[in-house]
Amino acid sequence: RTDLVARFGGDEFVVPCEDTDVGAAEMVAEKIRRALAAPIDLDGRSVVVTASIGIAVCRDATLTADDLLAQADTAMYAAKQAGKDRAVVFDLQMRQQVTEQLDKASGLRRALRHDELRLFYQPVVRADTGAVVGAEALVRWEHPDDGLLGPERFVGFAESSGLIVPMGAWVLETASEQAAAWAARGFRAHISVNVSGRQLTEDDVVGRVRQVLRTTGVDPAGLQLEVTESAVMVDLARVATVMQQVRELGVQVGMDDFGTGYSSLSHLANLPFDFVKIDRSFIDTSRWPFVTAILHMTRHLGIDALAEGVETAEHHAWLRDAGCIRAQGFYYSRPMPAADVAPWLGEHALRRGEHDRPTADPRGGTPEPGGPAPELAVPI
Ligand code: C2E
Ligand code: MG
Ligand code: MG
């Protein structure tokens, strides 16, 4: 009878309280939470809802209504982040965080506009023959002040802010152009591109892939997408459709970081994966039984398996003997700028010549798409 509640959008409500201090506002929030805590009967089903509440107090006459709402919004997100079902009061430290986030976002936008992003490429080799069969494109940020930043410094933020969509589009385009340029010089290999969940659900990945195939002329069999399990779980039905459409264009799709997260068999069964990348945390002597099991399983499912994070000669030998066809890791090469790939290929070819290598794959592994395993073509 005395209070005002406004529905602000979707599931967001605003309660304005006049002549209130922080303590009184917190009491109002507590009353709301308690009122909501009672189960609601929905057609005989008992449903419990919780609320994340952000409180902002106007202490400054220059603060506009929009400022106040923005502060309450920030505090509400802090409440969600802290585990939901609670009330959080806006404070200046939070403002600091918001400013930092905004700075980060504008920095990343600038990076996109000013061409500060770089792609590094990490070779993928056949463990049995040593032939280079592909490379994974990995993004870096050449920051004007902080130097070369790895993806752990900005990809998470790009995902939460949505900037991963334009960034991912740039990655796909740049990697495809590179793949086409290499193919033209005789290096026929898969170029693998990491795709995040938000790209799959918010962007038209199929349209983008179709477009880069057209504009760069890259062979679809020379392009692969890598998605993580957490990315597919966001919207399984939609992701399944997107994956299928991408595959119909001739581009393979693989599950990255397999072994971490849920590693759900139903995801493998219900989604059309061409390959899985065994996470590098499994490339360890104590975990070989798991790798053996994954290799058996994928072989029976007709899915290619690739090992990531191969760091030592011992890892390499074990994986080769276990019949893991493709491998990637510091043992072969670290990710490097595109310009370093050709010289590396030359050295790698020389190193390969020093070893005896079997001429045929003893396990009868699936041939690489796009024809026979692309041997090194020199000069590049
Ligand atoms: P990822 O896709 O699983 O990539 C493999 C990561 O393992 C790379 O880290 C690579 O440098 C690292 N790595 C490769 N071999 C070894 C090894 O032998 N030992 C060890 N310890 N590490 C190895 P990087 O480049 O820092 O990338 C980290 C993650 O960032 C990637 O994991 C991927 O999830 C994400 N990422 C990178 N580029 C992109 C991108 O363009 N788009 C999206 N959405 N995510 C990206
Ligand atoms: Mg990857
Ligand atoms: Mg991985």
# chains A, B, ... in the order shown; residues from 1 in each chain; ligands from 1

call {"tool": "closest_atom_pairs", "arguments": {"of": "chain A", "to": "ligand 3", "cutoff": "6 Å", "atoms": "only C-alpha atoms and all ligand atoms", "output": "tab-separated table"}}
result
residue	atom	partner	partner_atom_place_in_ligand_line	distance
A:Asp256	CA	ligand 3	1 (Mg)	4.8
A:Asp257	CA	ligand 3	1 (Mg)	4.0
A:Asp279	CA	ligand 3	1 (Mg)	5.5

call {"tool": "select_by_dssp", "arguments": {"residues": "segment 105-195 of chain A", "states": "strand (DSSP E)", "output": "number ranges by chain"}}
result
A: 117-126, 132-143, 147-149, 190-194

call {"tool": "atom_distance", "arguments": {"atom1": "atom CA of Glu116 of chain A", "atom2": "atom CA of Val227 of chain A"}}
result
24.2 Å

call {"tool": "closest_residue", "arguments": {"among": "A:Ala72, A:Ala179, A:Leu213, A:Ala137", "to": "Val195 of chain A", "atoms": "only C-alpha atoms"}}
result
A:Ala137

call {"tool": "closest_residue", "arguments": {"among": "A:Val155, A:Leu319, A:Val218, A:Ala293", "to": "ligand 1", "atoms": "only C-alpha atoms and all ligand atoms"}}
result
A:Val155

call {"tool": "closest_atom_pairs", "arguments": {"of": "chain A", "to": "ligand 2", "cutoff": "8 Å", "atoms": "only C-alpha atoms and all ligand atoms", "output": "tab-separated table"}}
result
residue	atom	partner	partner_atom_place_in_ligand_line	distance
A:Glu136	CA	ligand 2	1 (Mg)	6.8
A:Leu138	CA	ligand 2	1 (Mg)	7.6
A:Ser192	CA	ligand 2	1 (Mg)	7.5
A:Val193	CA	ligand 2	1 (Mg)	7.0
A:Asn194	CA	ligand 2	1 (Mg)	5.2
A:Glu226	CA	ligand 2	1 (Mg)	5.6
A:Val227	CA	ligand 2	1 (Mg)	7.4
A:Asp256	CA	ligand 2	1 (Mg)	5.4
A:Asp257	CA	ligand 2	1 (Mg)	7.2
A:Lys277	CA	ligand 2	1 (Mg)	7.8

call {"tool": "residues_around", "arguments": {"residues": "Tyr332 of chain A", "least_positions_apart": "2", "cutoff": "10 Å", "atoms": "only C-alpha atoms", "output": "mmCIF file with C-alpha atoms, in the first residue's frame"}}
result
data_model
loop_
_atom_site.group_PDB
_atom_site.id
_atom_site.type_symbol
_atom_site.label_atom_id
_atom_site.label_comp_id
_atom_site.auth_asym_id
_atom_site.auth_seq_id
_atom_site.Cartn_x
_atom_site.Cartn_y
_atom_site.Cartn_z
ATOM 1 C CA GLN A 122 51.042 -24.280 -33.132
ATOM 2 C CA PRO A 123 51.812 -27.204 -35.451
ATOM 3 C CA VAL A 124 49.897 -30.470 -35.181
ATOM 4 C CA VAL A 125 51.904 -33.527 -36.232
ATOM 5 C CA ALA A 127 52.745 -38.992 -34.026
ATOM 6 C CA GLY A 130 56.117 -36.901 -37.847
ATOM 7 C CA VAL A 132 52.884 -31.859 -40.054
ATOM 8 C CA GLY A 309 50.235 -30.732 -24.424
ATOM 9 C CA VAL A 310 52.811 -33.285 -25.585
ATOM 10 C CA GLU A 311 55.904 -31.998 -23.819
ATOM 11 C CA THR A 312 58.463 -34.809 -23.764
ATOM 12 C CA ALA A 313 59.916 -37.541 -25.961
ATOM 13 C CA HIS A 316 55.399 -38.653 -27.780
ATOM 14 C CA ALA A 327 49.543 -34.718 -31.472
ATOM 15 C CA GLN A 328 50.382 -31.174 -30.532
ATOM 16 C CA GLY A 329 52.613 -29.738 -27.838
ATOM 17 C CA PHE A 330 55.801 -27.986 -26.834
ATOM 18 C CA ARG A 334 55.416 -23.821 -29.254
ATOM 19 C CA PRO A 335 52.848 -21.565 -30.889
ATOM 20 C CA HIS A 348 61.348 -30.039 -38.693
#

call {"tool": "closest_residue", "arguments": {"among": "A:Glu202, A:Val165, A:Ala6, A:Gly217", "to": "Ala181 of chain A", "atoms": "only C-alpha atoms"}}
result
A:Gly217

call {"tool": "residues_around", "arguments": {"residues": "Asp146 of chain A", "least_positions_apart": "4", "cutoff": "12 Å", "atoms": "only C-alpha atoms", "output": "list of chain:residue names"}}
result
A:Gly107, A:Glu116, A:Trp141, A:Glu142, A:Gly150, A:Arg153

call {"tool": "residues_around", "arguments": {"residues": "His114 of chain A", "least_positions_apart": "4", "cutoff": "12 Å", "atoms": "only C-alpha atoms", "output": "ChimeraX atom specification"}}
result
/A:106-110,118,141-144
